[in-house]
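Pasting work.pdb here (PDB, N, CA and C atoms):
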ATOM      1  N   MET E 201     -17.406   4.593  -5.298  1.00  0.00           N
ATOM      2  CA  MET E 201     -17.764   4.924  -6.652  1.00  0.00           C
ATOM      3  C   MET E 201     -18.878   5.958  -6.602  1.00  0.00           C
ATOM      4  N   ILE E 202     -18.828   6.915  -7.511  1.00  0.00           N
ATOM      5  CA  ILE E 202     -19.811   7.992  -7.548  1.00  0.00           C
ATOM      6  C   ILE E 202     -20.644   7.862  -8.815  1.00  0.00           C
ATOM      7  N   TYR E 203     -21.947   7.935  -8.663  1.00  0.00           N
ATOM      8  CA  TYR E 203     -22.851   7.878  -9.806  1.00  0.00           C
ATOM      9  C   TYR E 203     -23.382   9.268 -10.108  1.00  0.00           C
ATOM     10  N   THR E 204     -23.492   9.567 -11.383  1.00  0.00           N
ATOM     11  CA  THR E 204     -24.116  10.823 -11.777  1.00  0.00           C
ATOM     12  C   THR E 204     -25.621  10.608 -11.805  1.00  0.00           C
ATOM     13  N   ASP E 205     -26.348  11.665 -11.895  1.00  0.00           N
ATOM     14  CA  ASP E 205     -27.800  11.539 -11.940  1.00  0.00           C
ATOM     15  C   ASP E 205     -28.239  11.310 -13.380  1.00  0.00           C
ATOM     16  N   ASN E 206     -27.940  10.146 -13.879  1.00  0.00           N
ATOM     17  CA  ASN E 206     -28.281   9.752 -15.234  1.00  0.00           C
ATOM     18  C   ASN E 206     -29.765   9.382 -15.287  1.00  0.00           C
ATOM     19  N   PRO E 207     -30.545  10.023 -16.157  1.00  0.00           N
ATOM     20  CA  PRO E 207     -31.983   9.718 -16.192  1.00  0.00           C
ATOM     21  C   PRO E 207     -32.294   8.299 -16.660  1.00  0.00           C
ATOM     22  N   LYS E 208     -31.327   7.602 -17.268  1.00  0.00           N
ATOM     23  CA  LYS E 208     -31.581   6.250 -17.758  1.00  0.00           C
ATOM     24  C   LYS E 208     -31.333   5.179 -16.701  1.00  0.00           C
ATOM     25  N   LYS E 209     -30.814   5.538 -15.544  1.00  0.00           N
ATOM     26  CA  LYS E 209     -30.588   4.526 -14.510  1.00  0.00           C
ATOM     27  C   LYS E 209     -31.930   4.071 -13.954  1.00  0.00           C
ATOM     28  N   ASP E 210     -31.992   2.823 -13.592  1.00  0.00           N
ATOM     29  CA  ASP E 210     -33.251   2.261 -13.116  1.00  0.00           C
ATOM     30  C   ASP E 210     -33.227   1.962 -11.615  1.00  0.00           C
ATOM     31  N   PHE E 211     -32.416   2.729 -10.872  1.00  0.00           N
ATOM     32  CA  PHE E 211     -32.351   2.541  -9.436  1.00  0.00           C
ATOM     33  C   PHE E 211     -32.066   3.859  -8.737  1.00  0.00           C
ATOM     34  N   THR E 212     -32.350   3.875  -7.440  1.00  0.00           N
ATOM     35  CA  THR E 212     -32.065   5.018  -6.588  1.00  0.00           C
ATOM     36  C   THR E 212     -31.020   4.588  -5.570  1.00  0.00           C
ATOM     37  N   ILE E 213     -29.993   5.394  -5.385  1.00  0.00           N
ATOM     38  CA  ILE E 213     -28.945   5.092  -4.420  1.00  0.00           C
ATOM     39  C   ILE E 213     -29.438   5.463  -3.023  1.00  0.00           C
ATOM     40  N   LEU E 214     -29.369   4.499  -2.106  1.00  0.00           N
ATOM     41  CA  LEU E 214     -29.799   4.731  -0.732  1.00  0.00           C
ATOM     42  C   LEU E 214     -28.622   5.145   0.158  1.00  0.00           C
ATOM     43  N   GLY E 215     -27.465   4.544  -0.051  1.00  0.00           N
ATOM     44  CA  GLY E 215     -26.298   4.889   0.750  1.00  0.00           C
ATOM     45  C   GLY E 215     -25.322   3.734   0.850  1.00  0.00           C
ATOM     46  N   GLU E 216     -24.234   3.974   1.566  1.00  0.00           N
ATOM     47  CA  GLU E 216     -23.186   2.966   1.725  1.00  0.00           C
ATOM     48  C   GLU E 216     -23.472   2.092   2.936  1.00  0.00           C
ATOM     49  N   VAL E 217     -23.118   0.809   2.811  1.00  0.00           N
ATOM     50  CA  VAL E 217     -23.264  -0.133   3.924  1.00  0.00           C
ATOM     51  C   VAL E 217     -21.937  -0.848   4.137  1.00  0.00           C
ATOM     52  N   THR E 218     -21.692  -1.232   5.387  1.00  0.00           N
ATOM     53  CA  THR E 218     -20.466  -1.937   5.749  1.00  0.00           C
ATOM     54  C   THR E 218     -20.810  -3.121   6.633  1.00  0.00           C
ATOM     55  N   TYR E 219     -20.147  -4.237   6.390  1.00  0.00           N
ATOM     56  CA  TYR E 219     -20.341  -5.447   7.190  1.00  0.00           C
ATOM     57  C   TYR E 219     -18.978  -5.982   7.600  1.00  0.00           C
ATOM     58  N   ASP E 220     -18.806  -6.247   8.877  1.00  0.00           N
ATOM     59  CA  ASP E 220     -17.563  -6.795   9.408  1.00  0.00           C
ATOM     60  C   ASP E 220     -17.858  -8.205   9.909  1.00  0.00           C
ATOM     61  N   SER E 221     -17.094  -9.198   9.442  1.00  0.00           N
ATOM     62  CA  SER E 221     -17.375 -10.589   9.807  1.00  0.00           C
ATOM     63  C   SER E 221     -16.933 -10.929  11.222  1.00  0.00           C
ATOM     64  N   SER E 222     -16.161 -10.073  11.858  1.00  0.00           N
ATOM     65  CA  SER E 222     -15.717 -10.331  13.219  1.00  0.00           C
ATOM     66  C   SER E 222     -16.182  -9.190  14.110  1.00  0.00           C
ATOM     67  N   VAL E 223     -17.158  -9.486  14.955  1.00  0.00           N
ATOM     68  CA  VAL E 223     -17.665  -8.495  15.889  1.00  0.00           C
ATOM     69  C   VAL E 223     -17.280  -8.953  17.288  1.00  0.00           C
ATOM     70  N   MET E 224     -16.419  -8.190  17.934  1.00  0.00           N
ATOM     71  CA  MET E 224     -15.934  -8.494  19.278  1.00  0.00           C
ATOM     72  C   MET E 224     -15.328  -9.890  19.353  1.00  0.00           C
ATOM     73  N   GLY E 225     -14.573 -10.270  18.325  1.00  0.00           N
ATOM     74  CA  GLY E 225     -13.852 -11.532  18.352  1.00  0.00           C
ATOM     75  C   GLY E 225     -14.666 -12.752  17.985  1.00  0.00           C
ATOM     76  N   VAL E 226     -15.961 -12.583  17.722  1.00  0.00           N
ATOM     77  CA  VAL E 226     -16.812 -13.713  17.348  1.00  0.00           C
ATOM     78  C   VAL E 226     -16.967 -13.717  15.839  1.00  0.00           C
ATOM     79  N   THR E 227     -16.616 -14.836  15.218  1.00  0.00           N
ATOM     80  CA  THR E 227     -16.708 -14.925  13.771  1.00  0.00           C
ATOM     81  C   THR E 227     -18.163 -15.076  13.354  1.00  0.00           C
ATOM     82  N   GLN E 228     -18.586 -14.228  12.450  1.00  0.00           N
ATOM     83  CA  GLN E 228     -19.958 -14.232  11.945  1.00  0.00           C
ATOM     84  C   GLN E 228     -19.983 -14.899  10.571  1.00  0.00           C
ATOM     85  N   LYS E 229     -21.148 -14.962   9.966  1.00  0.00           N
ATOM     86  CA  LYS E 229     -21.276 -15.486   8.608  1.00  0.00           C
ATOM     87  C   LYS E 229     -20.573 -14.544   7.633  1.00  0.00           C
ATOM     88  N   ASN E 230     -19.957 -15.122   6.624  1.00  0.00           N
ATOM     89  CA  ASN E 230     -19.330 -14.344   5.571  1.00  0.00           C
ATOM     90  C   ASN E 230     -20.152 -14.504   4.304  1.00  0.00           C
ATOM     91  N   GLY E 231     -20.150 -13.494   3.483  1.00  0.00           N
ATOM     92  CA  GLY E 231     -20.802 -13.623   2.198  1.00  0.00           C
ATOM     93  C   GLY E 231     -21.739 -12.480   1.882  1.00  0.00           C
ATOM     94  N   PHE E 232     -22.192 -12.492   0.642  1.00  0.00           N
ATOM     95  CA  PHE E 232     -23.038 -11.424   0.134  1.00  0.00           C
ATOM     96  C   PHE E 232     -24.366 -11.361   0.867  1.00  0.00           C
ATOM     97  N   ARG E 233     -24.910 -12.505   1.245  1.00  0.00           N
ATOM     98  CA  ARG E 233     -26.204 -12.509   1.945  1.00  0.00           C
ATOM     99  C   ARG E 233     -26.127 -11.739   3.260  1.00  0.00           C
ATOM    100  N   ALA E 234     -25.012 -11.866   3.952  1.00  0.00           N
ATOM    101  CA  ALA E 234     -24.841 -11.138   5.219  1.00  0.00           C
ATOM    102  C   ALA E 234     -24.792  -9.637   4.962  1.00  0.00           C
ATOM    103  N   LEU E 235     -24.079  -9.223   3.912  1.00  0.00           N
ATOM    104  CA  LEU E 235     -24.008  -7.804   3.555  1.00  0.00           C
ATOM    105  C   LEU E 235     -25.384  -7.287   3.142  1.00  0.00           C
ATOM    106  N   LEU E 236     -26.119  -8.062   2.370  1.00  0.00           N
ATOM    107  CA  LEU E 236     -27.459  -7.663   1.942  1.00  0.00           C
ATOM    108  C   LEU E 236     -28.404  -7.541   3.140  1.00  0.00           C
ATOM    109  N   GLN E 237     -28.272  -8.429   4.114  1.00  0.00           N
ATOM    110  CA  GLN E 237     -29.117  -8.348   5.302  1.00  0.00           C
ATOM    111  C   GLN E 237     -28.812  -7.085   6.113  1.00  0.00           C
ATOM    112  N   VAL E 238     -27.534  -6.729   6.225  1.00  0.00           N
ATOM    113  CA  VAL E 238     -27.159  -5.489   6.911  1.00  0.00           C
ATOM    114  C   VAL E 238     -27.748  -4.292   6.168  1.00  0.00           C
ATOM    115  N   ALA E 239     -27.686  -4.329   4.838  1.00  0.00           N
ATOM    116  CA  ALA E 239     -28.231  -3.239   4.028  1.00  0.00           C
ATOM    117  C   ALA E 239     -29.737  -3.111   4.232  1.00  0.00           C
ATOM    118  N   LYS E 240     -30.445  -4.241   4.286  1.00  0.00           N
ATOM    119  CA  LYS E 240     -31.897  -4.200   4.488  1.00  0.00           C
ATOM    120  C   LYS E 240     -32.266  -3.738   5.893  1.00  0.00           C
ATOM    121  N   ASN E 241     -31.395  -4.020   6.871  1.00  0.00           N
ATOM    122  CA  ASN E 241     -31.638  -3.526   8.226  1.00  0.00           C
ATOM    123  C   ASN E 241     -31.437  -2.017   8.291  1.00  0.00           C
ATOM    124  N   GLN E 242     -30.413  -1.538   7.572  1.00  0.00           N
ATOM    125  CA  GLN E 242     -30.104  -0.112   7.586  1.00  0.00           C
ATOM    126  C   GLN E 242     -31.053   0.692   6.705  1.00  0.00           C
ATOM    127  N   TYR E 243     -31.404   0.132   5.551  1.00  0.00           N
ATOM    128  CA  TYR E 243     -32.320   0.773   4.600  1.00  0.00           C
ATOM    129  C   TYR E 243     -33.441  -0.222   4.282  1.00  0.00           C
ATOM    130  N   PRO E 244     -34.583  -0.138   4.942  1.00  0.00           N
ATOM    131  CA  PRO E 244     -35.665  -1.116   4.743  1.00  0.00           C
ATOM    132  C   PRO E 244     -36.145  -1.239   3.289  1.00  0.00           C
ATOM    133  N   ASP E 245     -35.970  -0.196   2.475  1.00  0.00           N
ATOM    134  CA  ASP E 245     -36.400  -0.250   1.073  1.00  0.00           C
ATOM    135  C   ASP E 245     -35.348  -0.844   0.151  1.00  0.00           C
ATOM    136  N   CYS E 246     -34.232  -1.293   0.684  1.00  0.00           N
ATOM    137  CA  CYS E 246     -33.118  -1.792  -0.125  1.00  0.00           C
ATOM    138  C   CYS E 246     -33.519  -3.041  -0.912  1.00  0.00           C
ATOM    139  N   ASP E 247     -33.178  -3.051  -2.200  1.00  0.00           N
ATOM    140  CA  ASP E 247     -33.413  -4.218  -3.048  1.00  0.00           C
ATOM    141  C   ASP E 247     -32.133  -4.995  -3.321  1.00  0.00           C
ATOM    142  N   TYR E 248     -30.995  -4.290  -3.376  1.00  0.00           N
ATOM    143  CA  TYR E 248     -29.744  -4.940  -3.773  1.00  0.00           C
ATOM    144  C   TYR E 248     -28.560  -4.094  -3.329  1.00  0.00           C
ATOM    145  N   VAL E 249     -27.378  -4.691  -3.335  1.00  0.00           N
ATOM    146  CA  VAL E 249     -26.143  -3.981  -3.022  1.00  0.00           C
ATOM    147  C   VAL E 249     -25.218  -4.105  -4.227  1.00  0.00           C
ATOM    148  N   ILE E 250     -24.697  -2.959  -4.681  1.00  0.00           N
ATOM    149  CA  ILE E 250     -23.794  -2.942  -5.834  1.00  0.00           C
ATOM    150  C   ILE E 250     -22.430  -2.415  -5.400  1.00  0.00           C
ATOM    151  N   ASP E 251     -21.451  -2.527  -6.281  1.00  0.00           N
ATOM    152  CA  ASP E 251     -20.084  -2.038  -6.041  1.00  0.00           C
ATOM    153  C   ASP E 251     -19.504  -2.598  -4.752  1.00  0.00           C
ATOM    154  N   VAL E 252     -19.581  -3.893  -4.597  1.00  0.00           N
ATOM    155  CA  VAL E 252     -19.118  -4.544  -3.376  1.00  0.00           C
ATOM    156  C   VAL E 252     -17.597  -4.656  -3.384  1.00  0.00           C
ATOM    157  N   MET E 253     -17.003  -4.247  -2.274  1.00  0.00           N
ATOM    158  CA  MET E 253     -15.555  -4.358  -2.070  1.00  0.00           C
ATOM    159  C   MET E 253     -15.341  -5.236  -0.844  1.00  0.00           C
ATOM    160  N   ILE E 254     -14.343  -6.115  -0.904  1.00  0.00           N
ATOM    161  CA  ILE E 254     -14.052  -7.016   0.201  1.00  0.00           C
ATOM    162  C   ILE E 254     -12.598  -6.835   0.618  1.00  0.00           C
ATOM    163  N   ASP E 255     -12.393  -6.602   1.902  1.00  0.00           N
ATOM    164  CA  ASP E 255     -11.054  -6.511   2.472  1.00  0.00           C
ATOM    165  C   ASP E 255     -10.855  -7.705   3.381  1.00  0.00           C
ATOM    166  N   LYS E 256      -9.685  -8.349   3.253  1.00  0.00           N
ATOM    167  CA  LYS E 256      -9.384  -9.518   4.069  1.00  0.00           C
ATOM    168  C   LYS E 256      -8.177  -9.197   4.945  1.00  0.00           C
ATOM    169  N   GLN E 257      -8.291  -9.518   6.226  1.00  0.00           N
ATOM    170  CA  GLN E 257      -7.184  -9.322   7.143  1.00  0.00           C
ATOM    171  C   GLN E 257      -6.919 -10.649   7.849  1.00  0.00           C
ATOM    172  N   THR E 258      -5.668 -11.116   7.778  1.00  0.00           N
ATOM    173  CA  THR E 258      -5.281 -12.362   8.422  1.00  0.00           C
ATOM    174  C   THR E 258      -4.301 -12.063   9.540  1.00  0.00           C
ATOM    175  N   THR E 259      -4.558 -12.620  10.707  1.00  0.00           N
ATOM    176  CA  THR E 259      -3.689 -12.449  11.862  1.00  0.00           C
ATOM    177  C   THR E 259      -3.225 -13.819  12.325  1.00  0.00           C
ATOM    178  N   ILE E 260      -1.915 -13.967  12.525  1.00  0.00           N
ATOM    179  CA  ILE E 260      -1.354 -15.221  13.015  1.00  0.00           C
ATOM    180  C   ILE E 260      -0.872 -14.999  14.445  1.00  0.00           C
ATOM    181  N   PHE E 261      -1.373 -15.827  15.365  1.00  0.00           N
ATOM    182  CA  PHE E 261      -0.985 -15.749  16.769  1.00  0.00           C
ATOM    183  C   PHE E 261      -0.632 -17.159  17.225  1.00  0.00           C
ATOM    184  N   LEU E 262       0.640 -17.379  17.492  1.00  0.00           N
ATOM    185  CA  LEU E 262       1.166 -18.692  17.850  1.00  0.00           C
ATOM    186  C   LEU E 262       0.797 -19.701  16.763  1.00  0.00           C
ATOM    187  N   PHE E 263      -0.097 -20.644  17.065  1.00  0.00           N
ATOM    188  CA  PHE E 263      -0.491 -21.657  16.089  1.00  0.00           C
ATOM    189  C   PHE E 263      -1.869 -21.396  15.494  1.00  0.00           C
ATOM    190  N   PHE E 264      -2.438 -20.252  15.809  1.00  0.00           N
ATOM    191  CA  PHE E 264      -3.801 -19.939  15.374  1.00  0.00           C
ATOM    192  C   PHE E 264      -3.777 -18.900  14.262  1.00  0.00           C
ATOM    193  N   ILE E 265      -4.654 -19.081  13.311  1.00  0.00           N
ATOM    194  CA  ILE E 265      -4.807 -18.127  12.209  1.00  0.00           C
ATOM    195  C   ILE E 265      -6.230 -17.578  12.263  1.00  0.00           C
ATOM    196  N   PHE E 266      -6.335 -16.260  12.378  1.00  0.00           N
ATOM    197  CA  PHE E 266      -7.629 -15.589  12.421  1.00  0.00           C
ATOM    198  C   PHE E 266      -7.803 -14.786  11.135  1.00  0.00           C
ATOM    199  N   THR E 267      -8.936 -14.949  10.494  1.00  0.00           N
ATOM    200  CA  THR E 267      -9.226 -14.227   9.258  1.00  0.00           C
ATOM    201  C   THR E 267     -10.481 -13.390   9.463  1.00  0.00           C
ATOM    202  N   ASN E 268     -10.399 -12.137   9.073  1.00  0.00           N
ATOM    203  CA  ASN E 268     -11.521 -11.213   9.199  1.00  0.00           C
ATOM    204  C   ASN E 268     -11.814 -10.608   7.826  1.00  0.00           C
ATOM    205  N   PHE E 269     -13.078 -10.582   7.452  1.00  0.00           N
ATOM    206  CA  PHE E 269     -13.497  -9.978   6.196  1.00  0.00           C
ATOM    207  C   PHE E 269     -14.346  -8.744   6.489  1.00  0.00           C
ATOM    208  N   THR E 270     -14.064  -7.659   5.793  1.00  0.00           N
ATOM    209  CA  THR E 270     -14.890  -6.464   5.859  1.00  0.00           C
ATOM    210  C   THR E 270     -15.432  -6.227   4.460  1.00  0.00           C
ATOM    211  N   MET E 271     -16.745  -6.141   4.355  1.00  0.00           N
ATOM    212  CA  MET E 271     -17.392  -5.923   3.065  1.00  0.00           C
ATOM    213  C   MET E 271     -18.102  -4.582   3.094  1.00  0.00           C
ATOM    214  N   ARG E 272     -18.050  -3.883   1.979  1.00  0.00           N
ATOM    215  CA  ARG E 272     -18.786  -2.620   1.876  1.00  0.00           C
ATOM    216  C   ARG E 272     -19.320  -2.504   0.458  1.00  0.00           C
ATOM    217  N   GLY E 273     -20.421  -1.772   0.353  1.00  0.00           N
ATOM    218  CA  GLY E 273     -21.050  -1.598  -0.947  1.00  0.00           C
ATOM    219  C   GLY E 273     -22.079  -0.478  -0.891  1.00  0.00           C
ATOM    220  N   THR E 274     -22.783  -0.318  -1.993  1.00  0.00           N
ATOM    221  CA  THR E 274     -23.785   0.735  -2.127  1.00  0.00           C
ATOM    222  C   THR E 274     -25.167   0.097  -2.192  1.00  0.00           C
ATOM    223  N   ALA E 275     -26.024   0.460  -1.255  1.00  0.00           N
ATOM    224  CA  ALA E 275     -27.394  -0.055  -1.231  1.00  0.00           C
ATOM    225  C   ALA E 275     -28.245   0.725  -2.235  1.00  0.00           C
ATOM    226  N   ILE E 276     -29.057  -0.015  -2.998  1.00  0.00           N
ATOM    227  CA  ILE E 276     -29.904   0.623  -4.005  1.00  0.00           C
ATOM    228  C   ILE E 276     -31.338   0.109  -3.886  1.00  0.00           C
ATOM    229  N   LYS E 277     -32.237   0.894  -4.445  1.00  0.00           N
ATOM    230  CA  LYS E 277     -33.650   0.509  -4.581  1.00  0.00           C
ATOM    231  C   LYS E 277     -34.000   0.658  -6.047  1.00  0.00           C
ATOM    232  N   TYR E 278     -34.538  -0.389  -6.643  1.00  0.00           N
ATOM    233  CA  TYR E 278     -34.923  -0.331  -8.050  1.00  0.00           C
ATOM    234  C   TYR E 278     -36.151   0.550  -8.237  1.00  0.00           C
ATOM    235  N   VAL E 279     -36.152   1.333  -9.303  1.00  0.00           N
ATOM    236  CA  VAL E 279     -37.291   2.174  -9.657  1.00  0.00           C
ATOM    237  C   VAL E 279     -38.286   1.288 -10.394  1.00  0.00           C
ATOM    238  N   LYS E 280     -39.519   1.335  -9.947  1.00  0.00           N
ATOM    239  CA  LYS E 280     -40.531   0.435 -10.538  1.00  0.00           C
ATOM    240  C   LYS E 280     -41.467   1.186 -11.431  1.00  0.00           C
TER     241      LYS E 280
END
Could you show the structure in this file as structure tokens?
Amino acid sequence: MIYTDNPKKDFTILGEVTYDSSVMGVTQKNGFRALLQVAKNQYPDCDYVIDVMIDKQTTIFLFFIFTNFTMRGTAIKYVK
């Protein structure tokens, strides 16, 4: 999503962040808190993540079902 430079907005866009719940086959925590933590690691001034999109991928291998979530969003900093 693209934002115009509207003078009435009360935040500054820092950039896009991505979180993958499966890193090298190890299942990590899923959820908004994990995405927000990645955003704060990438942008220390980050206050919140907006426009969150979630992609789910399910893989079936024999009797096992593996589910992977990829989350992405826009990191913002509120103008004070």
_Going by the chain IDs and residue numbers used in this file, which residues fall under the PyMOL selection byres ((chain E and resi 248) around 8)? Write them as a list of chain:residue names._
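When the PyMOL selection byres ((chain E and resi 248) around 8) is applied to the shown file, the picked residues are E:Leu235, E:Leu236, E:Ala239, E:Lys240, E:Asp245, E:Cys246, E:Asp247, E:Val249, E:Ile250, E:Asp251, E:Gly273, E:Thr274, E:Ala275, E:Ile276, E:Lys277, E:Tyr278.
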*Check chain E with DSSP on the backbone and list each residue it calls alpha helix (DSSP H), as a list in words.*
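For chain E, the alpha helix (DSSP H) set is Phe232, Arg233, Ala234, Leu235, Leu236, Gln237, Val238, Ala239, Lys240, Asn241 and Gln242 of chain E.
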*Taking the point (-23.5, -1.2, 7.5) as given in the file, collect each protein or nucleic acid residue that comes within 6.5 Å of it, counting all atoms listed in the file, and present the set as a list in words.*
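The residues that fall inside the cut-off are Glu216, Val217, Thr218, Tyr219, Val238 and Ala239 of chain E.
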*Atomic separation - atom C of Pro244 of chain E relative to atom C of Phe269 of chain E, Å*: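 Distance reported for this atom pair: 23.3 Å.
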*Work out how far apart atom C of Met271 of chain E and atom C of Leu214 of chain E are and give it in Å to one decimal.*
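So the two atoms, atom C of Met271 of chain E and atom C of Leu214 of chain E, lie 14.6 Å apart.
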*What residues have an atom no more than 5 Å from (-16.6, -4.8, -0.9) in the file's own frame, counting all atoms listed in the file, and can you write them as a list in words?*
Val252, Met253, Ile254, Met271 and Arg272 of chain E
*Per-residue DSSP, chain E, filtered to strand (DSSP E), as a PyMOL selection string*: chain E and resi 211-220+222-223+226-227+248-261+264-278
_Quick check, in Å to one decimal: how far apart do atom CA of Thr258 of chain E and atom CA of Gln237 of chain E lie?_
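If I compute the distance from atom CA of Thr258 of chain E to atom CA of Gln237 of chain E, I get 24.4 Å.
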*Given the choices E:Val279, E:Asn268, E:Asn241, E:Ile260, which gets closest to Asp220 of chain E if the distance is worked out from only N, CA and C atoms?*
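Of E:Val279, E:Asn268, E:Asn241, E:Ile260, the one nearest Asp220 of chain E, counting only N, CA and C atoms, is E:Asn268.
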Could you give me the axis-aligned bounding box of segment 210-215 of chain E, with 6 Å of padding per side, as centre plus edge lengths in Å to one decimal, as lines of an AutoDock Vina configuration file?
center_x = -29.3
center_y = 3.7
center_z = -6.4
size_x = 19.9
size_y = 15.5
size_z = 26.4
